[in-house]
$ cat data.txt   # compact mmCIF, C-alpha atoms
# COMPACT_ATOMS: atom_id res chain seq x y z
CA MET A 1 0.00 0.00 0.00
CA THR A 2 1.26 3.46 -0.89
CA SER A 3 0.99 6.08 1.83
CA CYS A 4 0.15 9.36 0.15
CA ASN A 5 -1.90 12.50 0.19
CA VAL A 6 -4.31 11.90 -2.67
CA THR A 7 -6.30 14.86 -3.97
CA ILE A 8 -9.70 14.41 -5.61
CA LYS A 9 -10.28 16.93 -8.40
CA PRO A 10 -13.25 17.40 -10.72
CA LEU A 11 -12.20 17.00 -14.35
CA THR A 12 -14.05 19.16 -16.83
CA GLY A 13 -13.33 20.93 -20.10
CA SER A 14 -9.68 21.04 -21.09
CA ALA A 15 -8.59 19.30 -17.87
CA LEU A 16 -10.74 16.28 -18.77
CA GLU A 17 -9.56 16.38 -22.37
CA GLU A 18 -5.94 16.22 -21.22
CA ALA A 19 -6.69 13.42 -18.76
CA ILE A 20 -8.62 11.15 -21.15
CA PRO A 21 -5.62 9.12 -22.45
CA GLY A 22 -4.44 8.38 -18.89
CA LEU A 23 -7.98 7.65 -17.75
CA ALA A 24 -8.47 5.22 -20.63
CA ARG A 25 -5.28 3.31 -19.76
CA LEU A 26 -6.25 3.22 -16.09
CA ARG A 27 -9.72 1.85 -16.86
CA VAL A 28 -8.34 -0.89 -19.11
CA SER A 29 -5.83 -1.90 -16.43
CA VAL A 30 -8.22 -1.95 -13.46
CA PHE A 31 -11.14 -3.57 -15.29
CA ALA A 32 -8.87 -6.40 -16.44
CA GLU A 33 -8.97 -7.58 -12.82
CA PHE A 34 -11.66 -9.90 -11.43
CA PRO A 35 -14.65 -9.58 -11.40
CA TYR A 36 -14.76 -7.63 -14.68
CA LEU A 37 -11.98 -9.44 -16.55
CA TYR A 38 -12.40 -6.86 -19.28
CA ASP A 39 -10.28 -7.30 -22.41
CA GLY A 40 -10.44 -3.63 -23.34
CA ASP A 41 -8.50 -1.18 -25.42
CA ASP A 42 -7.47 2.40 -24.82
CA ALA A 43 -9.10 3.75 -27.99
CA TYR A 44 -12.55 2.43 -27.08
CA GLU A 45 -12.25 3.76 -23.54
CA ALA A 46 -11.16 7.18 -24.78
CA ARG A 47 -14.25 7.36 -27.01
CA TYR A 48 -16.46 6.30 -24.09
CA LEU A 49 -14.98 9.01 -21.85
CA GLU A 50 -15.72 11.64 -24.48
CA THR A 51 -19.42 11.16 -23.67
CA TYR A 52 -18.73 12.51 -20.18
CA ARG A 53 -16.90 15.52 -21.62
CA GLU A 54 -19.89 16.30 -23.81
CA ALA A 55 -22.59 15.77 -21.14
CA GLY A 56 -23.39 18.97 -19.26
CA ASN A 57 -24.48 17.32 -15.99
CA ALA A 58 -21.91 14.52 -15.81
CA ILE A 59 -19.02 14.39 -13.39
CA VAL A 60 -15.57 12.86 -13.67
CA ALA A 61 -13.53 12.98 -10.47
CA GLY A 62 -9.83 12.25 -10.71
CA ALA A 63 -7.64 11.05 -7.85
CA PHE A 64 -4.13 12.48 -8.03
CA ASP A 65 -0.98 11.67 -6.11
CA GLY A 66 0.84 14.88 -6.95
CA GLU A 67 0.56 15.08 -10.73
CA LYS A 68 0.03 11.32 -11.11
CA LEU A 69 -3.50 10.14 -11.94
CA VAL A 70 -4.15 7.08 -9.74
CA GLY A 71 -7.92 6.73 -9.92
CA ALA A 72 -11.17 8.15 -11.21
CA ALA A 73 -14.93 7.93 -10.76
CA THR A 74 -17.73 8.91 -13.11
CA GLY A 75 -21.39 9.76 -12.78
CA THR A 76 -24.30 11.19 -14.76
CA PRO A 77 -28.06 11.61 -14.47
CA MET A 78 -29.66 8.30 -15.40
CA LEU A 79 -31.54 9.72 -18.39
CA GLU A 80 -28.27 11.05 -19.82
CA HIS A 81 -26.60 7.63 -19.65
CA GLU A 82 -26.90 4.63 -21.98
CA ALA A 83 -30.49 3.60 -22.61
CA GLU A 84 -30.16 -0.06 -21.53
CA PHE A 85 -29.39 1.08 -17.98
CA ALA A 86 -32.56 3.16 -17.69
CA ALA A 87 -34.53 0.32 -19.32
CA ALA A 88 -33.73 -1.87 -16.30
CA PHE A 89 -36.15 0.32 -14.33
CA ASP A 90 -39.13 -0.31 -16.60
CA GLY A 91 -42.09 -1.18 -14.40
CA GLN A 92 -40.37 0.14 -11.27
CA ASP A 93 -41.82 3.02 -9.26
CA TYR A 94 -38.88 5.41 -9.54
CA ASP A 95 -38.76 8.88 -11.05
CA LEU A 96 -35.83 8.54 -13.44
CA THR A 97 -35.51 12.32 -13.68
CA LYS A 98 -34.44 12.24 -10.00
CA LEU A 99 -32.10 9.27 -10.33
CA PHE A 100 -28.33 9.74 -10.60
CA TYR A 101 -26.16 6.95 -11.97
CA CYS A 102 -22.78 6.47 -10.33
CA GLY A 103 -20.73 4.99 -13.11
CA GLU A 104 -17.36 3.36 -12.80
CA SER A 105 -14.76 3.80 -10.07
CA VAL A 106 -11.20 2.72 -10.80
CA LEU A 107 -8.21 2.93 -8.50
CA MET A 108 -4.68 1.61 -8.77
CA PRO A 109 -4.11 -1.31 -6.36
CA ASP A 110 -1.49 0.44 -4.20
CA TYR A 111 -3.99 3.19 -3.33
CA ARG A 112 -6.87 1.01 -2.17
CA GLY A 113 -7.99 0.74 1.43
CA GLN A 114 -7.27 4.39 2.25
CA GLY A 115 -10.77 5.83 1.99
CA ILE A 116 -10.52 7.04 -1.60
CA GLY A 117 -13.52 4.92 -2.63
CA HIS A 118 -15.61 6.70 0.02
CA ARG A 119 -14.39 10.06 -1.26
CA PHE A 120 -15.41 9.10 -4.79
CA PHE A 121 -18.94 8.41 -3.57
CA ASP A 122 -18.99 11.62 -1.48
CA VAL A 123 -18.13 13.72 -4.54
CA ARG A 124 -20.66 12.06 -6.82
CA GLU A 125 -23.47 12.08 -4.26
CA ALA A 126 -22.89 15.79 -3.57
CA HIS A 127 -22.98 16.46 -7.32
CA ALA A 128 -26.21 14.46 -7.61
CA ARG A 129 -27.85 16.45 -4.79
CA GLY A 130 -26.82 19.65 -6.52
CA LEU A 131 -28.70 18.50 -9.61
CA GLY A 132 -31.83 17.76 -7.56
CA ALA A 133 -31.49 13.96 -7.54
CA THR A 134 -33.23 12.06 -4.75
CA HIS A 135 -31.52 8.69 -5.29
CA CYS A 136 -28.16 7.38 -6.48
CA CYS A 137 -27.63 4.00 -8.06
CA PHE A 138 -24.97 1.93 -9.75
CA CYS A 139 -24.72 -1.56 -11.15
CA ALA A 140 -22.10 -4.26 -10.68
CA VAL A 141 -21.29 -7.41 -12.59
CA VAL A 142 -22.50 -10.69 -11.08
CA ARG A 143 -20.02 -13.57 -11.21
CA PRO A 144 -20.63 -17.06 -9.79
CA ASP A 145 -18.78 -17.97 -6.60
CA GLY A 146 -17.04 -20.80 -8.42
CA HIS A 147 -15.81 -18.71 -11.35
CA PRO A 148 -12.43 -20.15 -12.44
CA ALA A 149 -10.77 -16.70 -12.50
CA ARG A 150 -11.90 -15.77 -8.98
CA PRO A 151 -8.70 -15.11 -6.99
CA SER A 152 -8.09 -16.89 -3.71
CA GLY A 153 -9.17 -14.62 -0.89
CA TYR A 154 -11.23 -12.36 -3.17
CA ARG A 155 -13.66 -10.17 -1.21
CA PRO A 156 -16.57 -8.60 -3.09
CA LEU A 157 -17.38 -4.95 -2.37
CA ASP A 158 -20.90 -5.64 -1.07
CA ALA A 159 -20.01 -4.74 2.54
CA PHE A 160 -18.43 -1.46 1.44
CA TRP A 161 -21.49 -0.53 -0.63
CA GLU A 162 -23.84 -1.46 2.20
CA LYS A 163 -21.84 0.74 4.58
CA ARG A 164 -22.49 3.58 2.15
CA GLY A 165 -26.22 2.92 2.45
CA TYR A 166 -26.70 1.11 -0.86
CA ARG A 167 -28.91 -1.95 -1.19
CA LYS A 168 -29.51 -4.41 -4.00
CA LEU A 169 -32.67 -3.67 -5.96
CA ALA A 170 -34.58 -6.92 -6.28
CA GLY A 171 -35.35 -7.70 -9.88
CA VAL A 172 -33.55 -4.64 -11.28
CA THR A 173 -30.83 -6.01 -13.52
CA THR A 174 -29.48 -5.49 -16.99
CA THR A 175 -27.06 -7.23 -19.33
CA TYR A 176 -23.98 -5.54 -20.70
CA ARG A 177 -21.66 -6.98 -23.32
CA TRP A 178 -17.89 -7.03 -23.35
CA LYS A 179 -15.09 -9.46 -24.14
CA ASP A 180 -13.56 -11.20 -21.15
CA ILE A 181 -9.83 -11.86 -21.15
CA GLY A 182 -9.47 -15.25 -22.85
CA GLU A 183 -12.81 -15.01 -24.69
CA ALA A 184 -12.97 -15.03 -28.49
CA ARG A 185 -15.92 -12.62 -28.63
CA GLU A 186 -18.16 -10.41 -26.53
CA THR A 187 -20.74 -12.09 -24.31
CA GLY A 188 -23.52 -10.67 -22.17
CA LYS A 189 -22.78 -10.20 -18.46
CA PRO A 190 -25.52 -9.87 -15.82
CA MET A 191 -25.40 -6.57 -13.94
CA GLN A 192 -27.16 -6.02 -10.59
CA PHE A 193 -28.38 -2.55 -9.60
CA TRP A 194 -27.82 -1.05 -6.15
CA MET A 195 -29.48 2.13 -4.87
CA ARG A 196 -29.59 4.52 -1.93
CA LYS A 197 -31.76 7.49 -1.07
CA LEU A 198 -29.87 10.75 -0.80
$ encode --input "data.txt" --output "structure tokens"
Amino acid sequence: MTSCNVTIKPLTGSALEEAIPGLARLRVSVFAEFPYLYDGDDAYEARYLETYREAGNAIVAGAFDGEKLVGAATGTPMLEHEAEFAAAFDGQDYDLTKLFYCGESVLMPDYRGQGIGHRFFDVREAHARGLGATHCCFCAVVRPDGHPARPSGYRPLDAFWEKRGYRKLAGVTTTYRWKDIGEARETGKPMQFWMRKL
């Protein structure tokens, strides 16, 4: 573990534009780990991050150790995110105009366990409140306990999310496609939604 004074900074405009290549590399590296096992590429991730630069109500928070980018978290109002995520709430009694989607959080391994994950949620939840949101949600991939790539001693983040006040939403799931490391093609992955009231 690296002992450091990490600063969380909002990334917008030219600052986000300059950070996108490093953010893309960081996302590919972190999401290659279990449970995502994502076989990604920097170019795709850079294009994805451009959507946050173009969205007026989105947030990208960068974690910096000095000038070094060591982590990032994203978020956007649900109705400004990809349609399949909002579609998971069809038939549910939630006002999607008041729902904020906490997207991905990525952090280099040496910086974990120091409270940065909590700070990422603090920043995004404060941003959501400022936009008038009443609830925050996110979704996480579901992998079977016996998955062959599950590392020995792996601990899911459920306890951390529950400590933040998030709970699984029964029956609110979606499927998202990507190529796992070792796969020949993209396959659908089940994603479980979690939510908390702000």
$ residues_around --input "data.txt" --residues "region 23-32 of chain A" --least-positions-apart "5" --cutoff "12 Å" --atoms "all atoms listed in the file" --output "ChimeraX atom specification"
/A:11,15-18,37-50,60-64,68-74,104-110,112,140-141,149,178-182
$ atom_distance --input "data.txt" --atom1 "CA of Phe120 (chain A)" --atom2 "CA of Lys197 (chain A)"
16.8 Å
$ residues_near_point --input "data.txt" --point "(-28.1, -4.6, -16.1)" --cutoff "7 Å" --atoms "all atoms listed in the file" --output "ChimeraX atom specification"
/A:85,88,139,173-176,190-193
$ residues_around --input "data.txt" --residues "Lys98 (chain A)" --least-positions-apart "2" --cutoff "7 Å" --atoms "only C-alpha atoms" --output "list in words"
Asp95, Leu96, Phe100, Gly132, Ala133, Thr134 and His135 of chain A
$ closest_residue --input "data.txt" --among "A:Val123, A:Val6, A:Asp93, A:Phe34" --to "Pro144 (chain A)" --atoms "all atoms listed in the file"
A:Phe34
$ atom_distance --input "data.txt" --atom1 "CA of Ala83 (chain A)" --atom2 "CA of Glu162 (chain A)"
26.2 Å
$ closest_residue --input "data.txt" --among "A:Pro35, A:Pro21, A:Gly66, A:Gly75" --to "Ala126 (chain A)" --atoms "all atoms listed in the file"
A:Gly75
$ residues_near_point --input "data.txt" --point "(-24.1, 10.7, -16.5)" --cutoff "8 Å" --atoms "all atoms listed in the file" --output "PyMOL selection string"
chain A and resi 52+55+57-59+74-81+100-103
$ atom_distance --input "data.txt" --atom1 "CA of Arg177 (chain A)" --atom2 "CA of Lys189 (chain A)"
5.9 Å
$ closest_residue --input "data.txt" --among "A:Leu198, A:Leu169, A:Val142, A:Ala87" --to "Arg129 (chain A)" --atoms "only C-alpha atoms"
A:Leu198
